[in-house]
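One structure is given here, and the rest of the page talks about it.
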Amino acid sequence: MSPTELSTNLARRQRLAFGVAIFCAVPALVSWAQNPEQFFQSYLMAYLYWLGPSLGALGFVCLHNLTGGGWGFAIRRLLEAAMRNIPLMAVLFLPLLLGGIHHLYEWSHADVVAHDALLQKKAPYLNVPFFQGRAVAYFAFWILCSALVLKLNARFDRQPIERLKQRIMLVSGLGILGYFMSMSFAAFDWGMSLEPHWFSTIYGVLFIIGQGLTTLCLAVIVSSHLARHEPFSRWLSKDHFHDLGNLMMAFTLLWAYMSFSQFEIIWSANLPEETPWYLNRLGDGWQGLALFLVAFHFVLPLVVLLRRKTKRNIQFLAKVALCMLVVRYAEIYWLIAPAFHQGGAHFHYMDVIAPLGIGALWIGMFLRNLRGRPLVSLQDAELLNQLEAPVQ
């Protein structure tokens, strides 16, 4: 397939994605009108899931600017297209910021705080104005950081000089630090404070690792499609997918380590303010989902990704990445949904419509960003030294 045909194909998929987003908007609006609490609950889970690849892409671009490596050059354009969706995610956060707080967070109700001594002590931090102000600060940093990194990278493509490279490394180093700090606090605000009596310092790290894994899975899926077409078929080799598969395995192991660490610490301490969080998520209905995550978020992916042949089989690796994306949403659902349904597992049609609608809009904008700029720069191809190398 020629580059022109590839662009036409991406444009067709972009229109399809926007069509799905419009289709999902109708039942979502109905749910908003009839059952706003359920709407915001499902919307929050879907939002946290699709925020992942945008911020994960920012983290990986900054990381690659500091460390280099062929894996980053192979997917940099994809990561930059995902980064450009951060302003979209800022707009999509407005329903939660302006209308969803009182439907989601018990600490936002004065009558509840008045009868809860612990919430009164946390009120200087957990209050609506400060919550909204922090959210604005998070997005301001993410948007400014991504815009600056994109601008510097574009300048370096045109003029690869050492002074500019040093500036990119400085901005990227500060960007990674700021991303880890801001996303940790955002996870505390938007996820952990749903159950304000519970706390965990590992909670934010789990979200960051999950965002990295989601980003890698999307990059593998899109890259596997591009690798079938010119000019990517000449320089996207199995070695690049092997590297991406290794990164997926590393993040899978890191997720398992952090998840188990949090569980072990809380189980060992056996404190009454900490254990109910896990007891709720291991109770009726939720226990099956917890076991599903152990099997399909850790054991099975690890066994599959340990094999060299799997990581060098491009299409099979893409299928593994697609399955991991589904499992990633299951993990977000397991983290968030039990806060609203402590009597047992609960499912609503909005739990499918919300991630499908937001995801379709995200993918449509991602494809638009991808088509709007060169899919590969000559400098990247030269650094990879793969312009004339066929896929192995």
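Residue numbering restarts at 1 for every chain of the structure tokens, chains are lettered A, B, ... in their displayed order, and ligands are numbered from 1 as they appear.
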> Neighbours of Pro338 (chain A) within 8 Å (only C-alpha atoms; same-chain residues fewer than 5 positions away dropped), as a ChimeraX atom specification?
Replying inline: /A:280-281,286,344-345
Please identify all polymer residues within 12 Å of Arg155 (chain A), counting only C-alpha atoms, omitting same-chain residues fewer than 6 positions from it, and present them as a JSON list (two decimals) with C-alpha atoms, in the first residue's frame.
```json
[["chain", "number", "residue", "atom", "x", "y", "z"],
["A", 148, "LEU", "CA", 7.18, 22.62, 24.88],
["A", 149, "VAL", "CA", 8.52, 19.11, 24.30],
["A", 161, "ILE", "CA", 22.52, 20.93, 17.22],
["A", 163, "ARG", "CA", 22.74, 23.12, 22.43],
["A", 164, "LEU", "CA", 19.16, 22.31, 21.47],
["A", 165, "LYS", "CA", 19.62, 18.69, 22.49],
["A", 167, "ARG", "CA", 17.68, 21.97, 26.29],
["A", 168, "ILE", "CA", 15.45, 19.06, 25.27],
["A", 377, "SER", "CA", 11.19, 12.11, 10.01],
["A", 379, "GLN", "CA", 16.41, 12.04, 11.11]]
```
> Near region 32-47 of chain A, within 7 Å and counting only C-alpha atoms, which residues show up once chain neighbours fewer than 6 positions away are dropped, as a ChimeraX atom specification?
Replying inline: /A:100,103-104,332-333,336,350-351,354-355,358
Just N, CA and C atoms for this one: save the residues we selected as a short mmCIF file (atom, residue, chain, number, x, y, z; two decimals), in the first residue's frame.
```cif
data_model
loop_
_atom_site.label_atom_id
_atom_site.label_comp_id
_atom_site.auth_asym_id
_atom_site.auth_seq_id
_atom_site.Cartn_x
_atom_site.Cartn_y
_atom_site.Cartn_z
N GLY A 100 -19.80 16.74 38.19
CA GLY A 100 -19.74 15.39 38.74
C GLY A 100 -19.23 15.28 40.16
N HIS A 103 -21.74 14.20 42.77
CA HIS A 103 -22.29 12.87 42.51
C HIS A 103 -21.29 11.76 42.83
N LEU A 104 -20.02 12.10 42.96
CA LEU A 104 -18.98 11.09 43.10
C LEU A 104 -18.30 11.08 44.47
N ILE A 332 -9.00 -0.85 35.85
CA ILE A 332 -9.58 0.44 36.25
C ILE A 332 -10.96 0.23 36.87
N TYR A 333 -11.73 -0.65 36.26
CA TYR A 333 -13.08 -0.93 36.78
C TYR A 333 -13.00 -1.53 38.19
N ILE A 336 -12.08 1.26 40.75
CA ILE A 336 -13.01 2.37 40.96
C ILE A 336 -14.42 1.92 41.32
N MET A 350 -23.84 1.78 30.75
CA MET A 350 -22.94 2.91 30.60
C MET A 350 -21.48 2.51 30.83
N ASP A 351 -21.26 1.39 31.53
CA ASP A 351 -19.90 0.91 31.74
C ASP A 351 -19.25 0.46 30.43
N ALA A 354 -19.63 4.39 27.89
CA ALA A 354 -18.70 5.48 28.23
C ALA A 354 -17.29 5.23 27.69
N PRO A 355 -16.67 4.08 27.98
CA PRO A 355 -15.32 3.87 27.42
C PRO A 355 -15.32 3.77 25.90
N ILE A 358 -15.84 7.65 24.63
CA ILE A 358 -14.63 8.45 24.85
C ILE A 358 -13.47 7.88 24.04
#
```
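Distance check against Pro124 (chain A) using only C-alpha atoms: of A:Ser223, A:Ser108, A:Asn270, A:Gln159, the minimum falls on A:Ser108.
Note that CA of Asn127 (chain A) and CA of Phe340 (chain A) are 19.7 Å apart.
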Which neighbours of region 302-316 of chain A fall inside 7 Å, counting only C-alpha atoms, when residues of the same chain fewer than 4 positions from it are skipped, and could you give them as a PDB file with C-alpha atoms, in the first residue's frame?
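Resulting contents of result.pdb:
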```
ATOM      1  CA  SER A 224       1.875  -3.371  13.522  1.00  0.00           C
ATOM      2  CA  LYS A 238      11.066  -7.269  14.180  1.00  0.00           C
ATOM      3  CA  ASP A 239      13.862  -5.964  16.395  1.00  0.00           C
ATOM      4  CA  PHE A 241       8.758  -4.968  18.139  1.00  0.00           C
ATOM      5  CA  HIS A 242      11.002  -7.213  20.215  1.00  0.00           C
ATOM      6  CA  GLY A 245       7.514  -6.490  23.766  1.00  0.00           C
ATOM      7  CA  MET A 249       6.826  -7.407  29.888  1.00  0.00           C
ATOM      8  CA  PHE A 298       0.143 -10.840  35.093  1.00  0.00           C
ATOM      9  CA  VAL A 320      -1.563  -9.719  22.828  1.00  0.00           C
TER      10      VAL A 320
END
```
>> Show me, as a PyMOL selection string, the residues that have an atom within 9 Å of region 8-20 of chain A when counting only C-alpha atoms, minus same-chain residues fewer than 5 positions from it.
In response: chain A and resi 3+25+356-357+359-368+370-371
> Separation of CA of Leu144 (chain A) and CA of Ser193 (chain A), in Å?
Replying inline: 26.4 Å
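Separating CA of Cys24 (chain A) from CA of Gln211 (chain A) is a distance of 24.1 Å.
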